[in-house]
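What's in input21.cif: mmCIF, C-alpha atoms and all ligand atoms
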```cif
data_model
#
loop_
_atom_site.label_atom_id
_atom_site.label_comp_id
_atom_site.auth_asym_id
_atom_site.auth_seq_id
_atom_site.Cartn_x
_atom_site.Cartn_y
_atom_site.Cartn_z
CA MET N 2 -12.68 -12.37 15.85
CA HIS N 3 -12.96 -15.12 13.31
CA VAL N 4 -13.84 -15.67 9.68
CA THR N 5 -16.95 -17.78 9.08
CA HIS N 6 -16.76 -17.84 5.32
CA LEU N 7 -14.10 -17.12 2.73
CA SER N 8 -15.02 -16.75 -0.90
CA LEU N 9 -12.55 -16.17 -3.74
CA ALA N 10 -13.07 -15.41 -7.41
CA ASP N 11 -10.13 -15.30 -9.81
CA PHE N 12 -7.76 -14.99 -6.89
CA ARG N 13 -4.39 -16.73 -7.56
CA SER N 14 -5.06 -20.27 -8.81
CA TYR N 15 -8.75 -20.19 -7.90
CA ALA N 16 -11.42 -19.42 -10.48
CA ARG N 17 -13.94 -19.78 -7.69
CA VAL N 18 -13.82 -21.29 -4.25
CA GLU N 19 -16.09 -21.18 -1.21
CA VAL N 20 -14.64 -22.14 2.17
CA PRO N 21 -16.90 -22.29 5.24
CA LEU N 22 -14.85 -21.81 8.40
CA GLU N 23 -15.33 -22.22 12.12
CA PRO N 24 -13.57 -20.93 15.19
CA GLY N 25 -10.81 -23.13 16.54
CA VAL N 26 -8.16 -24.86 14.47
CA THR N 27 -8.59 -25.59 10.77
CA ALA N 28 -5.86 -27.33 8.79
CA PHE N 29 -5.49 -27.24 5.01
CA VAL N 30 -3.55 -30.23 3.85
CA GLY N 31 -2.39 -31.10 0.35
CA PRO N 32 0.67 -31.54 -1.85
CA ASN N 33 2.79 -28.54 -2.75
CA GLY N 34 1.58 -26.15 -5.37
CA GLN N 35 -2.10 -27.00 -4.88
CA GLY N 36 -3.27 -23.67 -3.50
CA LYS N 37 -3.01 -23.90 0.30
CA THR N 38 -1.02 -20.73 0.73
CA ASN N 39 -3.23 -18.97 -1.81
CA LEU N 40 -6.16 -19.44 0.60
CA VAL N 41 -4.47 -18.02 3.67
CA GLU N 42 -2.83 -15.31 1.61
CA ALA N 43 -6.35 -14.06 0.90
CA VAL N 44 -7.06 -13.84 4.65
CA GLY N 45 -3.82 -11.91 5.10
CA TYR N 46 -4.85 -9.59 2.28
CA LEU N 47 -8.10 -8.71 4.03
CA ALA N 48 -6.11 -7.81 7.13
CA THR N 49 -3.29 -5.81 5.54
CA LEU N 50 -4.41 -4.99 1.96
CA GLY N 51 -1.21 -6.67 0.85
CA SER N 52 0.32 -10.07 0.34
CA HIS N 53 3.12 -11.56 2.42
CA ARG N 54 4.61 -12.98 -0.79
CA VAL N 55 4.48 -10.20 -3.38
CA SER N 56 4.55 -6.44 -3.27
CA SER N 57 2.01 -5.76 -6.03
CA ASP N 58 -1.50 -7.04 -6.65
CA ALA N 59 -0.95 -8.30 -10.21
CA PRO N 60 0.22 -11.83 -9.27
CA LEU N 61 -2.84 -12.21 -7.05
CA VAL N 62 -5.20 -12.07 -10.01
CA ARG N 63 -5.71 -15.39 -11.73
CA MET N 64 -3.75 -15.63 -14.94
CA GLY N 65 -5.97 -14.47 -17.77
CA ALA N 66 -8.55 -12.81 -15.50
CA GLU N 67 -9.00 -9.07 -15.16
CA ARG N 68 -9.77 -8.73 -11.50
CA ALA N 69 -9.86 -10.81 -8.36
CA ILE N 70 -12.48 -10.76 -5.64
CA VAL N 71 -11.88 -11.68 -2.02
CA ARG N 72 -14.97 -11.88 0.15
CA ALA N 73 -15.30 -12.83 3.80
CA ALA N 74 -17.92 -13.05 6.49
CA VAL N 75 -16.40 -12.01 9.77
CA VAL N 76 -17.64 -12.34 13.33
CA GLN N 77 -16.32 -10.01 15.98
CA GLY N 78 -17.97 -10.65 19.32
CA GLU N 79 -21.67 -10.09 18.67
CA ARG N 80 -21.07 -8.34 15.42
CA GLN N 81 -21.21 -9.84 11.92
CA GLN N 82 -19.73 -8.13 8.92
CA LEU N 83 -19.42 -8.93 5.27
CA ILE N 84 -16.42 -7.51 3.49
CA GLU N 85 -15.47 -7.61 -0.13
CA LEU N 86 -12.37 -6.44 -1.94
CA GLU N 87 -12.01 -6.18 -5.67
CA LEU N 88 -8.41 -6.18 -6.88
CA ASN N 89 -7.92 -4.30 -10.13
CA PRO N 90 -4.20 -4.25 -10.94
CA GLY N 91 -3.22 -0.96 -12.51
CA LYS N 92 -6.48 0.64 -11.44
CA ALA N 93 -8.01 1.54 -8.10
CA ASN N 94 -9.16 -1.37 -5.97
CA ARG N 95 -12.68 -1.32 -4.64
CA ALA N 96 -14.27 -2.35 -1.38
CA ARG N 97 -17.66 -3.11 0.05
CA ILE N 98 -18.61 -3.48 3.68
CA ASN N 99 -22.00 -5.03 4.42
CA ARG N 100 -22.88 -4.56 0.75
CA SER N 101 -22.30 -0.81 0.88
CA SER N 102 -19.86 0.44 -1.72
CA GLN N 103 -19.56 3.87 -0.10
CA VAL N 104 -16.22 2.81 1.34
CA LYS N 105 -12.57 2.78 0.39
CA PRO N 106 -10.36 -0.32 0.62
CA ARG N 107 -8.59 1.29 3.58
CA ASP N 108 -11.87 1.32 5.53
CA VAL N 109 -11.64 -2.47 5.59
CA LEU N 110 -8.48 -2.32 7.73
CA GLY N 111 -9.19 -3.37 11.28
CA ILE N 112 -12.14 -5.66 10.51
CA VAL N 113 -10.04 -8.75 9.88
CA ARG N 114 -7.10 -8.84 12.23
CA SER N 115 -4.55 -11.53 11.61
CA VAL N 116 -1.02 -12.59 12.39
CA LEU N 117 0.56 -14.72 9.73
CA PHE N 118 3.55 -16.99 10.20
CA ALA N 119 5.23 -18.15 7.01
CA PRO N 120 8.55 -19.50 5.77
CA GLU N 121 9.17 -16.00 4.37
CA ASP N 122 9.44 -14.75 7.96
CA LEU N 123 13.06 -15.81 8.11
CA ALA N 124 13.70 -12.71 6.02
CA LEU N 125 12.59 -10.61 9.01
CA VAL N 126 15.85 -11.59 10.63
CA LYS N 127 18.13 -12.25 7.68
CA GLY N 128 16.72 -9.92 5.05
CA ASP N 129 16.95 -6.26 4.12
CA PRO N 130 15.72 -3.42 6.35
CA GLY N 131 12.63 -3.13 4.14
CA GLU N 132 11.36 -6.45 5.50
CA ARG N 133 11.52 -5.16 9.04
CA ARG N 134 9.97 -1.82 8.15
CA ARG N 135 7.05 -3.62 6.57
CA PHE N 136 6.71 -5.79 9.67
CA LEU N 137 6.55 -2.70 11.88
CA ASP N 138 4.22 -0.76 9.62
CA GLU N 139 1.75 -3.58 9.15
CA LEU N 140 1.61 -3.99 12.88
CA ILE N 141 1.11 -0.30 13.62
CA THR N 142 -1.74 -0.35 11.10
CA ALA N 143 -3.27 -3.38 12.80
CA ARG N 144 -3.01 -1.58 16.16
CA SER N 145 -4.42 1.61 14.78
CA PRO N 146 -6.10 1.34 11.34
CA ARG N 147 -5.95 5.09 10.70
CA MET N 148 -2.19 4.64 10.29
CA GLY N 149 -3.00 3.12 6.89
CA GLY N 150 -3.81 6.67 5.80
CA VAL N 151 -0.68 8.13 7.35
CA ARG N 152 1.47 5.53 5.58
CA ALA N 153 -0.21 6.34 2.27
CA ASP N 154 0.36 10.08 2.87
CA TYR N 155 4.00 9.49 3.66
CA ASP N 156 4.54 7.37 0.55
CA ARG N 157 2.86 9.95 -1.64
CA VAL N 158 4.88 12.86 -0.21
CA LEU N 159 8.09 10.85 -0.49
CA LYS N 160 7.42 10.07 -4.13
CA GLN N 161 6.75 13.69 -5.00
CA ARG N 162 9.74 14.92 -3.07
CA ASN N 163 11.96 12.37 -4.83
CA THR N 164 10.67 13.52 -8.21
CA LEU N 165 11.57 17.08 -7.32
CA LEU N 166 15.03 16.07 -6.10
CA LYS N 167 15.65 14.04 -9.22
CA THR N 168 14.77 17.01 -11.41
CA ALA N 169 17.08 19.20 -9.32
CA ALA N 170 19.89 16.64 -9.59
CA LEU N 171 19.51 16.45 -13.37
CA ALA N 172 19.44 20.22 -13.77
CA ARG N 173 22.57 20.46 -11.69
CA ARG N 174 24.44 17.75 -13.59
CA HIS N 175 23.61 19.16 -16.98
CA GLY N 176 24.51 22.64 -15.89
CA GLY N 177 20.99 23.81 -16.54
CA ARG N 178 19.15 26.58 -14.80
CA GLN N 179 19.23 26.21 -11.01
CA MET N 180 15.87 25.09 -9.76
CA ASP N 181 13.85 27.13 -7.35
CA LEU N 182 14.20 25.02 -4.24
CA SER N 183 11.81 26.91 -2.02
CA THR N 184 9.11 24.32 -2.84
CA LEU N 185 11.42 21.75 -1.29
CA ASP N 186 10.96 23.44 2.08
CA ILE N 187 7.25 22.75 1.87
CA TRP N 188 7.87 19.10 1.00
CA ASP N 189 10.32 18.83 3.90
CA GLN N 190 7.53 19.88 6.24
CA HIS N 191 5.02 17.45 4.77
CA LEU N 192 7.53 14.62 4.92
CA ALA N 193 8.54 15.43 8.49
CA ARG N 194 4.89 15.72 9.56
CA ALA N 195 3.82 12.28 8.29
CA GLY N 196 7.24 10.83 9.07
CA ALA N 197 7.10 11.92 12.71
CA GLU N 198 3.73 10.29 13.14
CA LEU N 199 5.03 7.06 11.65
CA LEU N 200 8.17 7.22 13.77
CA ALA N 201 6.26 7.85 16.99
CA GLN N 202 4.07 4.82 16.29
CA ARG N 203 7.03 2.63 15.42
CA LEU N 204 8.90 3.58 18.59
CA ASP N 205 5.83 2.99 20.73
CA LEU N 206 5.30 -0.38 19.08
CA ILE N 207 8.89 -1.47 19.62
CA ALA N 208 8.69 -0.61 23.30
CA ALA N 209 5.52 -2.68 23.64
CA LEU N 210 6.85 -5.56 21.55
CA GLN N 211 10.25 -5.95 23.16
CA PRO N 212 9.23 -7.69 26.44
CA LEU N 213 6.70 -9.87 24.60
CA ALA N 214 9.26 -10.99 22.02
CA ASP N 215 11.77 -11.72 24.73
CA LYS N 216 9.23 -13.85 26.61
CA ALA N 217 8.21 -15.70 23.44
CA TYR N 218 11.83 -16.45 22.60
CA GLN N 219 12.34 -17.92 26.08
CA GLN N 220 9.34 -20.14 25.54
CA LEU N 221 10.56 -21.36 22.15
CA ALA N 222 14.24 -21.64 23.03
CA PRO N 223 14.65 -21.78 26.81
CA GLY N 224 17.91 -20.32 28.01
CA GLY N 225 18.43 -18.32 24.82
CA GLY N 226 18.40 -14.57 24.40
CA PRO N 227 17.87 -11.99 25.70
CA LEU N 228 16.40 -10.16 22.73
CA ALA N 229 16.76 -6.45 22.19
CA LEU N 230 14.92 -4.52 19.51
CA GLU N 231 16.83 -1.36 18.63
CA TYR N 232 15.51 1.24 16.25
CA ARG N 233 18.14 2.71 13.95
CA GLY N 234 16.86 5.96 12.54
CA SER N 235 18.27 7.72 9.48
CA ALA N 236 17.77 11.01 11.33
CA GLY N 237 20.69 10.06 13.55
CA GLU N 238 21.51 10.25 17.23
CA ALA N 239 19.21 13.19 17.96
CA MET N 240 16.26 10.82 17.68
CA ALA N 241 17.15 9.14 20.95
CA ASP N 242 16.23 12.30 22.87
CA ALA N 243 12.98 12.93 21.04
CA ALA N 244 10.04 11.67 23.04
CA THR N 245 7.02 13.27 21.43
CA ARG N 246 5.74 13.52 17.90
CA GLU N 247 6.50 17.26 17.91
CA GLU N 248 10.10 16.58 18.92
CA LEU N 249 10.43 13.89 16.29
CA TYR N 250 9.09 16.37 13.73
CA GLY N 251 11.82 18.81 14.73
CA VAL N 252 14.52 16.15 14.54
CA LEU N 253 13.39 15.01 11.08
CA LEU N 254 13.19 18.56 9.77
CA ALA N 255 16.67 19.35 11.05
CA ALA N 256 18.09 16.13 9.59
CA LEU N 257 16.49 16.90 6.22
CA GLY N 258 18.08 20.33 6.33
CA GLU N 259 21.48 18.80 6.97
CA ALA N 260 21.09 16.22 4.24
CA ARG N 261 19.78 18.62 1.62
CA LYS N 262 23.01 19.22 -0.25
CA GLN N 263 23.68 15.51 -0.51
CA GLU N 264 20.07 14.84 -1.46
CA ILE N 265 20.25 17.26 -4.33
CA GLU N 266 23.47 15.65 -5.51
CA ARG N 267 21.97 12.17 -5.42
CA GLY N 268 18.42 13.08 -6.36
CA VAL N 269 16.78 11.04 -3.61
CA THR N 270 15.42 11.45 -0.08
CA LEU N 271 18.03 10.17 2.36
CA VAL N 272 16.29 10.85 5.68
CA GLY N 273 13.01 9.48 7.00
CA PRO N 274 11.28 6.31 8.17
CA HIS N 275 11.72 4.75 4.72
CA ARG N 276 15.50 4.63 5.36
CA ASP N 277 15.36 3.30 8.92
CA ASP N 278 16.00 -0.17 10.27
CA LEU N 279 15.13 -2.24 13.26
CA VAL N 280 18.22 -3.95 14.60
CA LEU N 281 17.34 -7.30 16.13
CA LYS N 282 19.84 -8.23 18.77
CA LEU N 283 20.35 -11.61 20.34
CA GLY N 284 22.49 -11.18 23.42
CA GLN N 285 25.14 -8.61 22.50
CA LEU N 286 25.12 -9.32 18.77
CA PRO N 287 22.82 -8.45 15.91
CA ALA N 288 20.94 -11.57 14.82
CA LYS N 289 21.53 -10.71 11.19
CA GLY N 290 24.93 -12.01 10.23
CA TYR N 291 25.54 -13.70 13.59
CA ALA N 292 22.64 -15.87 14.67
CA SER N 293 22.47 -19.51 13.58
CA HIS N 294 19.73 -20.70 11.26
CA GLY N 295 17.81 -22.18 14.19
CA GLU N 296 18.20 -19.04 16.29
CA SER N 297 17.06 -16.89 13.40
CA TRP N 298 13.96 -19.02 13.04
CA SER N 299 13.18 -18.80 16.74
CA TYR N 300 13.66 -15.04 16.54
CA ALA N 301 11.23 -14.68 13.64
CA LEU N 302 8.66 -16.86 15.41
CA ALA N 303 9.13 -14.84 18.60
CA LEU N 304 8.39 -11.62 16.70
CA ARG N 305 5.19 -13.10 15.30
CA LEU N 306 4.12 -14.52 18.66
CA ALA N 307 4.79 -11.16 20.26
CA SER N 308 2.65 -9.49 17.58
CA TYR N 309 -0.14 -11.90 18.35
CA ASP N 310 0.09 -11.28 22.11
CA LEU N 311 0.11 -7.54 21.56
CA LEU N 312 -2.88 -7.44 19.21
CA ARG N 313 -4.77 -9.80 21.46
CA ALA N 314 -4.08 -7.74 24.57
CA GLU N 315 -5.09 -4.52 22.84
CA SER N 316 -8.17 -5.82 21.04
CA PRO N 317 -11.60 -4.56 22.01
CA MET N 318 -13.59 -6.57 24.56
CA SER N 319 -16.64 -8.38 23.26
CA GLY N 320 -19.12 -8.59 26.11
CA PRO N 321 -21.42 -5.75 27.17
CA GLY N 322 -19.59 -3.16 29.24
CA GLY N 323 -16.31 -4.28 27.77
CA SER N 324 -15.86 -7.65 29.40
CA PRO N 325 -14.36 -10.71 27.76
CA ASP N 326 -16.81 -13.36 26.52
CA GLY N 327 -17.36 -16.69 28.29
CA GLY N 328 -14.06 -18.04 26.99
CA GLY N 329 -12.18 -15.01 28.34
CA ARG N 330 -11.72 -13.81 24.78
CA ARG N 331 -11.73 -10.34 23.36
CA ALA N 332 -13.71 -9.48 20.27
CA GLY N 333 -10.77 -8.42 18.16
CA GLU N 334 -8.51 -11.37 18.90
CA PRO N 335 -6.61 -11.92 15.65
CA VAL N 336 -6.82 -14.94 13.39
CA LEU N 337 -3.57 -16.86 13.56
CA VAL N 338 -2.28 -18.21 10.28
CA LEU N 339 0.52 -20.75 10.24
CA ASP N 340 1.50 -21.26 6.65
CA ASP N 341 3.72 -24.29 6.20
CA VAL N 342 5.84 -23.48 9.23
CA PHE N 343 5.85 -26.78 11.07
CA ALA N 344 7.84 -28.56 8.37
CA GLU N 345 10.62 -26.02 8.94
CA LEU N 346 10.96 -26.63 12.67
CA ASP N 347 12.54 -29.33 14.78
CA ALA N 348 10.22 -31.44 16.93
CA ARG N 349 10.78 -29.43 20.09
CA ARG N 350 10.04 -26.02 18.69
CA ARG N 351 7.15 -27.47 16.71
CA GLU N 352 5.48 -28.69 19.92
CA ARG N 353 6.20 -25.46 21.79
CA LEU N 354 4.79 -23.29 19.04
CA ALA N 355 1.72 -25.50 18.68
CA GLU N 356 1.00 -25.33 22.41
CA LEU N 357 1.33 -21.56 22.44
CA VAL N 358 -1.11 -21.00 19.57
CA ALA N 359 -3.60 -23.81 20.20
CA PRO N 360 -5.95 -21.75 22.43
CA GLY N 361 -6.40 -19.03 19.77
CA GLU N 362 -9.93 -18.11 18.74
CA GLN N 363 -9.20 -19.11 15.15
CA VAL N 364 -6.06 -20.80 13.89
CA LEU N 365 -5.56 -21.63 10.21
CA VAL N 366 -2.76 -24.07 9.44
CA THR N 367 -1.39 -25.28 6.14
CA ALA N 368 0.80 -28.35 5.72
CA ALA N 369 1.87 -30.62 2.89
CA VAL N 370 1.27 -33.75 4.94
CA ALA N 371 -1.07 -34.28 7.87
CA GLU N 372 1.77 -35.62 10.05
CA ASP N 373 3.37 -32.16 10.05
CA VAL N 374 0.43 -30.76 12.03
CA PRO N 375 1.12 -31.30 15.75
CA ALA N 376 -1.48 -33.31 17.67
CA VAL N 377 -2.51 -30.39 19.93
CA LEU N 378 -3.74 -28.66 16.79
CA ALA N 379 -6.31 -31.30 15.94
CA GLY N 380 -9.40 -29.63 14.53
CA ALA N 381 -11.30 -29.25 11.30
CA ARG N 382 -9.50 -30.36 8.18
CA PHE N 383 -9.70 -29.62 4.47
CA THR N 384 -7.85 -31.27 1.64
CA VAL N 385 -6.56 -28.95 -1.04
CA SER N 386 -5.90 -30.54 -4.38
CA GLY N 387 -6.37 -29.67 -8.03
CA GLY N 388 -8.17 -26.43 -7.21
CA ALA N 389 -10.70 -28.16 -4.95
CA VAL N 390 -10.92 -27.39 -1.25
CA GLU N 391 -12.88 -30.15 0.46
CA LYS N 392 -13.83 -30.66 4.04
CA VAL N 393 -12.73 -33.96 5.52
CA THR N 394 -15.52 -35.44 7.58
CA PRO N 395 -14.07 -37.45 10.47
N1 LIG N 401 -2.11 -15.45 -10.53
C1 LIG N 401 -2.15 -16.78 -10.66
N2 LIG N 401 -2.87 -17.37 -11.63
C2 LIG N 401 -2.91 -18.70 -11.76
N3 LIG N 401 -2.24 -19.55 -10.96
C3 LIG N 401 -1.50 -19.03 -9.98
C4 LIG N 401 -1.41 -17.64 -9.76
N4 LIG N 401 -0.60 -17.41 -8.72
C5 LIG N 401 -0.20 -18.60 -8.29
N5 LIG N 401 -0.73 -19.60 -9.04
C6 LIG N 401 -0.50 -21.03 -8.87
O1 LIG N 401 -0.79 -21.42 -7.54
C7 LIG N 401 0.05 -22.49 -7.20
C8 LIG N 401 0.72 -22.24 -5.87
O2 LIG N 401 -0.23 -22.22 -4.90
P1 LIG N 401 0.18 -22.18 -3.38
O3 LIG N 401 -1.02 -21.84 -2.62
O4 LIG N 401 1.38 -21.35 -3.18
O5 LIG N 401 0.60 -23.70 -3.15
P2 LIG N 401 0.78 -24.49 -1.80
O6 LIG N 401 -0.35 -25.46 -1.72
O7 LIG N 401 2.10 -25.19 -1.96
O8 LIG N 401 0.79 -23.53 -0.68
C9 LIG N 401 1.12 -22.61 -8.25
O9 LIG N 401 0.86 -23.76 -9.02
C10 LIG N 401 0.95 -21.36 -9.06
O10 LIG N 401 1.25 -21.59 -10.41
MG MG N 402 2.42 -22.95 0.52
#
```

Show how you would write the structure in this file as structure tokens.
Amino acid sequence: MHVTHLSLADFRSYARVEVPLEPGVTAFVGPNGQGKTNLVEAVGYLATLGSHRVSSDAPLVRMGAERAIVRAAVVQGERQQLIELELNPGKANRARINRSSQVKPRDVLGIVRSVLFAPEDLALVKGDPGERRRFLDELITARSPRMGGVRADYDRVLKQRNTLLKTAALARRHGGRQMDLSTLDIWDQHLARAGAELLAQRLDLIAALQPLADKAYQQLAPGGGPLALEYRGSAGEAMADAATREELYGVLLAALGEARKQEIERGVTLVGPHRDDLVLKLGQLPAKGYASHGESWSYALALRLASYDLLRAESPMSGPGGSPDGGGRRAGEPVLVLDDVFAELDARRRERLAELVAPGEQVLVTAAVAEDVPAVLAGARFTVSGGAVEKVTP
């Protein structure tokens, strides 16, 4: 798929901007702080309903404005769609698909598919478990958009269960009346139900991602590796033997039962996908804490490249009867976004990465100076400066 037009109103630094796009490579070039990342962040938002830089919508709305609008025309095979998201911080966001407003923002998931590389990706390897959980969950949602709903369910149940535990913890500490904890049993079941679905998807994803990430790492850093992606679940060892969603449900429920006393003492949910981690191993050692800066970078890039390969391989075919189009492409091939990554890499990895992504259906690149964009990624070019995004005519 590719985006043929991006239109922003009161998004980040842009009061208004219209950007016509084509398939192939497009580079946005301009000095720092001029709004290059803001553009590609909007594409990422359409794909994930979130930003790769901030966890809430408020910073995405232009200072002084009330709401932001992100609009895009998207082509997927033969199909054209117009999507629009209205960001209302503190209130519900709104969506329109092909001018119909009878949709929820979550219905937009799956129309724009994208894989975004950014300097922030280093945190995938070096950062907290939350970074890796978000990586996994965004990818499971891209693979299967209905998981957006499951994630929302899980978050809602978790929040309510935590509120209940906090009340119980307070009552206990202040020697108040013991709470009736039978409602907690119900919340355990809800949490385990949504949690098991999330877990099953994460485990399936990791199994699919592992060989692709290993291959990508070899391409970026020949002779390095091997990579191993190991899921570390808060439900403990028993998870290793659970193969199905039903079994995972049982394991989660049992682990919640075991943790209950401690949970009531601490007033917080200690078991579930929100407490899990993905351990990224390079050779025998975890990359976090052991890998060099360069290795960590290659690892992060390998995870993104693997995501791209996976989404591409699993995307719907475009031709009639489910065949690839003339270029051997599939309709749902994701948009690749490379935000300011080339400046971070040495010449060798820069060339390797560029060669790997160059054939993509649509590749959006940002760079402070044109020389940072490798030659194989020659394509359309825009300058971004002082709020203006202007096409450079060769
Ligand atoms: N909500 C906002 N309202 C107004 N300006 C913003 C907002 N968010 C970010 N900016 C401005 O956008 C600029 C950064 O844009 P960015 O796209 O990250 O730059 P770059 O071209 O370096 O990628 C900064 O000057 C910042 O002040
Ligand atoms: Mg930037």

Shortest interatomic distance to Gly196 in chain N - which of N:Asn94, N:Ser102, N:Thr367, N:Ser235, counting only C-alpha atoms | N:Ser235

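The gap separating CA of Val269 in chain N from CA of Ala244 in chain N is 27.5 Å, in Å to one decimal.
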
Extending 6 Å beyond the listed atoms of ligand LIG 401 (chain N) on each side, what axis-aligned box results? I want centre and edge lengths in Å to one decimal, as lines of an AutoDock Vina configuration file.
```
center_x = -0.4
center_y = -20.5
center_z = -6.2
size_x = 17.0
size_y = 22.0
size_z = 23.1
```

Best match for closeness to ligand LIG 401 (chain N) among N:Leu123, N:Val76, N:Ala209, N:Ala43, counting all atoms listed in the file | N:Ala43

Near ligand LIG 401 (chain N), 6 Å: chain N residue rows, closest pairs, all atoms listed in the file, as a tab-separated table:
```
residue	atom	partner	partner_atom	distance
N:Arg13	CA	N:LIG401	C4	3.8
N:Ser14	CA	N:LIG401	N3	3.6
N:Asn33	CA	N:LIG401	O7	3.5
N:Gly34	CA	N:LIG401	O5	3.4
N:Gln35	CA	N:LIG401	O6	3.9
N:Gly36	CA	N:LIG401	O3	3.0
N:Lys37	CA	N:LIG401	O6	3.7
N:Thr38	CA	N:LIG401	O3	3.5
N:Asn39	CA	N:LIG401	O3	3.7
N:Pro60	CA	N:LIG401	N1	4.5
N:Leu61	CA	N:LIG401	N1	4.8
N:Val62	CA	N:LIG401	N1	4.6
N:Arg63	CA	N:LIG401	N2	3.5
N:Met64	CA	N:LIG401	N2	3.8
```

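Proximity of N:Leu230, N:Val126, N:Ala222, N:Leu354 to Ser297 in chain N, computed with all atoms listed in the file, is greatest for N:Val126.
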
Counting all atoms listed in the file, give me one row per residue of chain N with an atom at most 12 Å from an atom of ligand MG 402 (chain N), showing the shortest contact pair and its distance in Å to one decimal, sorted by chain then residue number, as a tab-separated table.
```
residue	atom	partner	partner_atom	distance
N:Phe29	CA	N:MG402	MG	10.1
N:Val30	CA	N:MG402	MG	10.0
N:Gly31	CA	N:MG402	MG	9.5
N:Pro32	CA	N:MG402	MG	9.1
N:Asn33	CA	N:MG402	MG	6.5
N:Gly34	CA	N:MG402	MG	6.8
N:Gln35	CA	N:MG402	MG	8.1
N:Gly36	CA	N:MG402	MG	7.0
N:Lys37	CA	N:MG402	MG	5.5
N:Thr38	CA	N:MG402	MG	4.1
N:Asn39	CA	N:MG402	MG	7.3
N:Leu40	CA	N:MG402	MG	9.3
N:Val41	CA	N:MG402	MG	9.0
N:Glu42	CA	N:MG402	MG	9.3
N:His53	CA	N:MG402	MG	11.6
N:Arg54	CA	N:MG402	MG	10.3
N:Phe118	CA	N:MG402	MG	11.4
N:Ala119	CA	N:MG402	MG	8.5
N:Pro120	CA	N:MG402	MG	8.8
N:Glu121	CA	N:MG402	MG	10.4
N:Val338	CA	N:MG402	MG	11.8
N:Leu339	CA	N:MG402	MG	10.1
N:Asp340	CA	N:MG402	MG	6.4
N:Asp341	CA	N:MG402	MG	6.0
N:Val342	CA	N:MG402	MG	9.4
N:Phe343	CA	N:MG402	MG	11.7
N:Ala344	CA	N:MG402	MG	11.1
N:Val366	CA	N:MG402	MG	10.4
N:Thr367	CA	N:MG402	MG	7.2
N:Ala368	CA	N:MG402	MG	7.7
N:Ala369	CA	N:MG402	MG	8.0
N:Val370	CA	N:MG402	MG	11.7
N:Val385	CA	N:MG402	MG	10.9
```

Figure out the distance between CA of Asp181 in chain N and CA of Glu266 in chain N, please, to one decimal in Å.
->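 About the pair CA of Glu266 in chain N and CA of Asp181 in chain N: they are 15.1 Å apart.
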
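For Gly268 in chain N, the list of residues within 7 Å, based on only C-alpha atoms and with local chain neighbours fewer than 3 positions off taken out, reads Asn163, Leu166, Lys167, Ala169, Ala170, Glu264 and Ile265 of chain N.
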
Could you state the separation of CA of Arg107 in chain N and CA of Arg147 in chain N in Å, given to one decimal place?
->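 One can read the CA of Arg107 in chain N to CA of Arg147 in chain N distance as 8.5 Å.
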
Residue nearest Glu259 in chain N among N:Leu281, N:Ile207, N:Ala48, N:Ala236 (counting all atoms listed in the file) =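 Between N:Leu281, N:Ile207, N:Ala48, N:Ala236, the residue approaching Glu259 in chain N most closely is N:Ala236.
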